[in-house]
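Quick notes on the structure that follows.
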Amino acid sequence: MARPRRDEEPHVSDARAEILAKIERAVRTGRIPGGEPHGAPAAAKTAGDSTLSNADRFILEARALGVEVFVEWSAEAVRERLALLTSGKRVLAWHPNRLPYKAGDALPGAVSGAASKVEQARADVGVTGCHGAIAETGSLALIEGSGCSRTVSLLPPVHVALVRRADLIATMGEFFTARADAMAQSANCTFVTGPSRTADIELSLTIGVHGPGKVVVILGP
Amino acid sequence: MTFAARARDAIGNHQLHVALDRTTAQFGLRRSAAIATLDQFDAVRNQARAAKMQVLRTLGESLQEFERQLLASGARVHWAQTGEEANQIVVDIALKAGVRRVAKSKSMVSEETHLNGALERAGVTVIETDLGEYIVQLGNDRPSHIIAPIVHLTREQVGRLMQEKLAVPYTDDTQTLARYARERLREEFLQADMGLTGANFGVVENGTICLVTNEGNGRMVTTLPRIHVAMMGIEKLVPTMADLDRFLKLLARSATGQKLTTYTTLIRGPKRGGDDCGPEELHVVLIDNGRSQMLAGEIAEILGCIRCGACLNACPVYRTVGGHAYGDTYPGPVGAIVTPGLRGLDKHAELPGASSLCGACRDVCPVRLDIPRMLLALRHQAVEQTPQPLALRVGLKAFAHLASRPRLYRTAMSWVRRFLRSRASDGWIHDAPGMASGWTRFRELRAPAAQSFEAQWRARAATKSRT
Amino acid sequence: MIVQLFPTCLVNEFRPDVGMAVARVLERAGCEVALPEGLTCCGQPAFNAGFHDEARQVARHTIGVLGATDGPIVIPSGSCCDMLVHQNVELFRDDAAMADKARKVADRCREFSQLVAERLRANAAPAAAGAARRAPASTRVAYHPSCHLQRGLGVTREPRELVGSVTTAESVKFDEQDECCGFGGLFSIKNAEISAAMMDRKLAAIEASGADRLVSCDLGCLMHLEGGLRRRGAAIKVQHLAELLDEAATP
């Protein structure tokens, strides 16, 4: 179990003391601006349609990213959709206890984050729930914990995320506030906003680099 | 090679010209579209600026609190005064843990310190996993843009490079080229002993390290290897999660035109008890390397930079000469300040002068950094600290002497006018003498007037008063 | 209303005719134009080059001359105006008395188009600076917004409105209109190749727009662009905004 301890090598402590001493001297002479910056500010602009519900906004943003979104109205329909998406495929999933809609029932033979990395890396599809679905950006919040391994949404080429209505939240800022405790107890919280991508070569877009190239959301009741 | 020589080479490079036009135009358009989706963009920028300036004013306390929070989460914290110290710390961590392969996600500060060479010399293999950086590494090249390292290369060049270094069939199809990299690097992710990243933001109030990436390599190297080392400049702090939220609204929009990058990763310590994956050890290396020095002077404000690259895309000089001309890790307007700041003005005195001070950078900066003011401050410092061309010194001194003595000024100016007019034909000078020859290399110079405005005005007034 | 005219050194030595046009336009807009005695230069070249002592020497003199007058100070140059409005206070940061004088002068400064537009709005009578009393040949005008004017001073609307007020002139947009022309003062000589490359881009865009006239509020930009156009043998006429307005109003 991790235990807080400071590094004890003397040269490092010296570095720390030196740096802090330099900083203390520096802030006395440094030109650090306080108030309004110089220049003619542009007019404020408004964001998208604020009359949309969280669900509608989330769906709009997610689809704009190339995420495929299925809207299902019952737990059974969610499981059916999930079964369709994963039939004949090797599945890596969160532990059934952590999946909503008893989705584990639709994933017999799924491997979990407890399996070896090599085996996890062979999966075709990763199935997760989520800890939040951010409407303003179409993002999925995934908090690492027991049974919620990060590898599930990272290693396979396809990521299927089960989102409950109750997971929807308007903004990331609100999520930070609402889930501060859950985040504090975890080593990792990742917001997934669409499939992985790069535009490094001539700024031309390629979808699907190291993370999943396809993200699917099943939005249930 | 001097900046001037590199700039000259760049201007003569047609393919670079095409690449830079495309890069700056594309990024500019994407940024504009993305800004339009942010409510109260300027208000958010003002808040972000205030947060960064507050961090700088309280940097010592902020760093200590950040360290406390990191330690409480189980991370180990190291402090490095210089780039060499930082590299040594990382090498020591690697050697102590028997690390043979390091998988790196993009980290500009690690380029600043030249980490890769230090690791290689210690017998540790380093693989860059960001596609652009991977290609830079393959080609033994240098990045030319903060966000998109290989904007200076064409797809054909990348294709040829991969064919040569990876023994794959030549193609210029970017999807295929990305796939080549994906296949090679997947194995690296699974085999690496250590993952190395930078840190886009460090949140003081809870010790969170935030990484902002698109490809997934950032997640890979902070999930699979047993050790994660994050190198972080001491200025990369933000006070609270609410501040982080604001910066996240600004960073991707300013850099690539996205609302958010694909992966926003918030790290709090190494893996916890019940986690199936994640690093057993998290090391955070806090790096000074000249930052505390910059904090002490006129350019302290540049420490608020969040490395979005928007200033590069807006800068007509960057667009003309590209990133390599700046000669160091950080190009563009921010580089023209940071490079002299980190490496010494005496070695890079040309950089602050390589600007027309148009202010486009300040306009687009998400933290509203006053880059022109800092360039001017560095120019002043250069005059105090480095040798200036004799002609310039003498010329400006003479001009100042004259310009504060109107009668002397008028006389001297009338001689200058007469002299220049004597070199003109048809009202224009094709070949100006001395320092001014730089002008006529590319432009005609209008001959001055026979009589100054002031003389004409006084004459007119005298005539009027006589009638 | 009496206004103090600061011609600027470039106008004074190279284009006194622009200074005269400025004065006439101001007079038509209802101003009485005074020329303070002993004006030389705002000090910007020395300041931009980092020579603060020299810049202060010049600025001290200029602030002294202007400070001894009253009323608005009109400057037919965005960059000189920005120097007086923003940079002098910076230059005299460590000299409270001078900084105060600099601030008082700064508060009175108006760039030419800024003041003319202000006067036209204030005057009920349409002594419109650009109202055509005769009809010069129809002309397609490209307006180049200089950097210190648009970004330093935030003056973006007024010059365009004034060009637009010339009924026989058609405003023509061109690509990347807001981008720096590459003059930058001494930059044009010290970094001549970069300056010229930026100039080439600007001129190519202006030529592609089909404009037959290029107008700006800054003589530095104008001399640079005009010098480039002449070297290329291009037929585009280059004018300070004051000349365009003066021409349009002259019977």
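For the structure tokens, the naming scheme is as follows: chains receive sequential letters (A, B, ...) according to their order of presentation, residues are indexed from 1 within each chain, and ligands are indexed from 1 in presentation order.
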Long-range neighbours of region 454-456 of chain B as a list in words, 10 Å cut-off, only C-alpha atoms, 2 positions minimum in chain: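 Here the qualifying residues turn out to be Arg410, Gln451, Ser452, Arg458, Ala459, Arg460, Ala461 and Ala462 of chain B; Pro7, Val11, Asn12, Glu13, Pro16, Asp17, Gly19, Met20, Leu35, Pro36, Glu37, Gly38, Leu39 and Thr40 of chain C.
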Interface, chain C side, toward chain A (10 Å; only C-alpha atoms) as a list in words: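 Close enough to count are His86, Gln150, Arg151, Gly152, Leu153, Gly154 and Val155 of chain C.
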Gap from CA of Thr129 (chain B) to CA of Ser153 (chain A) - Å, one decimal: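 Taking CA of Thr129 (chain B) and CA of Ser153 (chain A), their separation equals 18.7 Å.
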Which residues are close to Thr82 (chain B), i.e. within 12 Å by only C-alpha atoms, leaving aside same-chain residues fewer than 6 positions away? Reply as a CSV table (one decimal) with C-alpha atoms, in the first residue's frame.
```csv
chain,number,residue,atom,x,y,z
A,12,VAL,CA,17.3,16.2,-3.8
A,15,ALA,CA,17.5,21.0,-4.8
A,16,ARG,CA,14.1,21.5,-3.2
A,18,GLU,CA,17.4,25.9,-3.4
A,19,ILE,CA,14.4,26.1,-5.8
B,88,GLN,CA,19.7,12.1,-13.6
B,89,ILE,CA,16.7,11.7,-11.4
B,109,VAL,CA,10.0,19.5,-20.9
B,110,SER,CA,11.8,16.2,-21.5
B,112,GLU,CA,14.1,20.7,-23.2
B,113,THR,CA,16.3,18.7,-20.9
B,114,HIS,CA,17.3,16.3,-23.7
B,115,LEU,CA,16.2,13.3,-21.6
B,233,GLY,CA,7.9,22.4,-15.1
B,234,ILE,CA,7.4,24.1,-11.8
B,285,VAL,CA,9.9,15.4,-11.1
B,286,LEU,CA,9.4,19.1,-10.5
B,287,ILE,CA,11.8,21.0,-12.8
B,288,ASP,CA,13.2,24.5,-12.5
B,289,ASN,CA,15.8,24.6,-15.2
B,290,GLY,CA,15.7,28.4,-15.4
B,291,ARG,CA,12.1,29.0,-14.5
B,292,SER,CA,12.8,30.6,-11.1
B,293,GLN,CA,15.2,32.9,-12.9
B,342,LEU,CA,15.9,29.3,-20.2
B,343,ARG,CA,19.1,29.2,-22.1
```
Considering only C-alpha atoms, tabulate each residue of chain B that lies at most 7 Å from chain C along with its nearest interatomic pair and the corresponding distance in Å to one decimal; arrange the rows by chain and ascending residue number and present them as a Markdown table.
```
| residue | atom | partner | partner_atom | distance |
| --- | --- | --- | --- | --- |
| B:Pro316 | CA | C:Cys180 | CA | 6.9 |
| B:Val317 | CA | C:Ile194 | CA | 6.8 |
| B:Thr320 | CA | C:Ile194 | CA | 6.7 |
| B:Ala354 | CA | C:Asn191 | CA | 6.7 |
| B:Ser356 | CA | C:Gly184 | CA | 4.1 |
| B:Leu357 | CA | C:Gly184 | CA | 6.6 |
| B:Cys358 | CA | C:Cys147 | CA | 5.1 |
| B:Gly359 | CA | C:Arg151 | CA | 6.5 |
| B:Leu376 | CA | C:Asn48 | CA | 6.3 |
| B:Arg379 | CA | C:Gly50 | CA | 4.6 |
| B:His380 | CA | C:Gly50 | CA | 3.7 |
| B:Val383 | CA | C:Gly50 | CA | 5.9 |
| B:Leu396 | CA | C:Ala46 | CA | 6.2 |
| B:Lys397 | CA | C:Glu54 | CA | 6.2 |
| B:Ala400 | CA | C:Glu54 | CA | 5.3 |
| B:Ala403 | CA | C:Thr40 | CA | 5.5 |
| B:Ser404 | CA | C:Val58 | CA | 5.3 |
| B:Pro406 | CA | C:Gly38 | CA | 5.0 |
| B:Ala436 | CA | C:Ile189 | CA | 6.5 |
| B:Gly438 | CA | C:Ile189 | CA | 4.8 |
| B:Trp439 | CA | C:Ile189 | CA | 5.4 |
| B:Phe442 | CA | C:Ala196 | CA | 6.3 |
| B:Arg443 | CA | C:Gly228 | CA | 4.5 |
| B:Glu444 | CA | C:Gly227 | CA | 4.3 |
| B:Leu445 | CA | C:Gly227 | CA | 5.8 |
| B:Ala447 | CA | C:Phe14 | CA | 6.9 |
| B:Pro448 | CA | C:Phe14 | CA | 4.1 |
| B:Ala449 | CA | C:Phe14 | CA | 5.1 |
| B:Ser452 | CA | C:Glu13 | CA | 5.1 |
| B:Phe453 | CA | C:Pro16 | CA | 4.2 |
| B:Glu454 | CA | C:Asn12 | CA | 6.5 |
```
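Minimum atom-to-atom distance to chain B, evaluated using only C-alpha atoms, belongs to A:Ser139 out of A:Ala55, A:Ser74, A:Ser139, A:Ala178.
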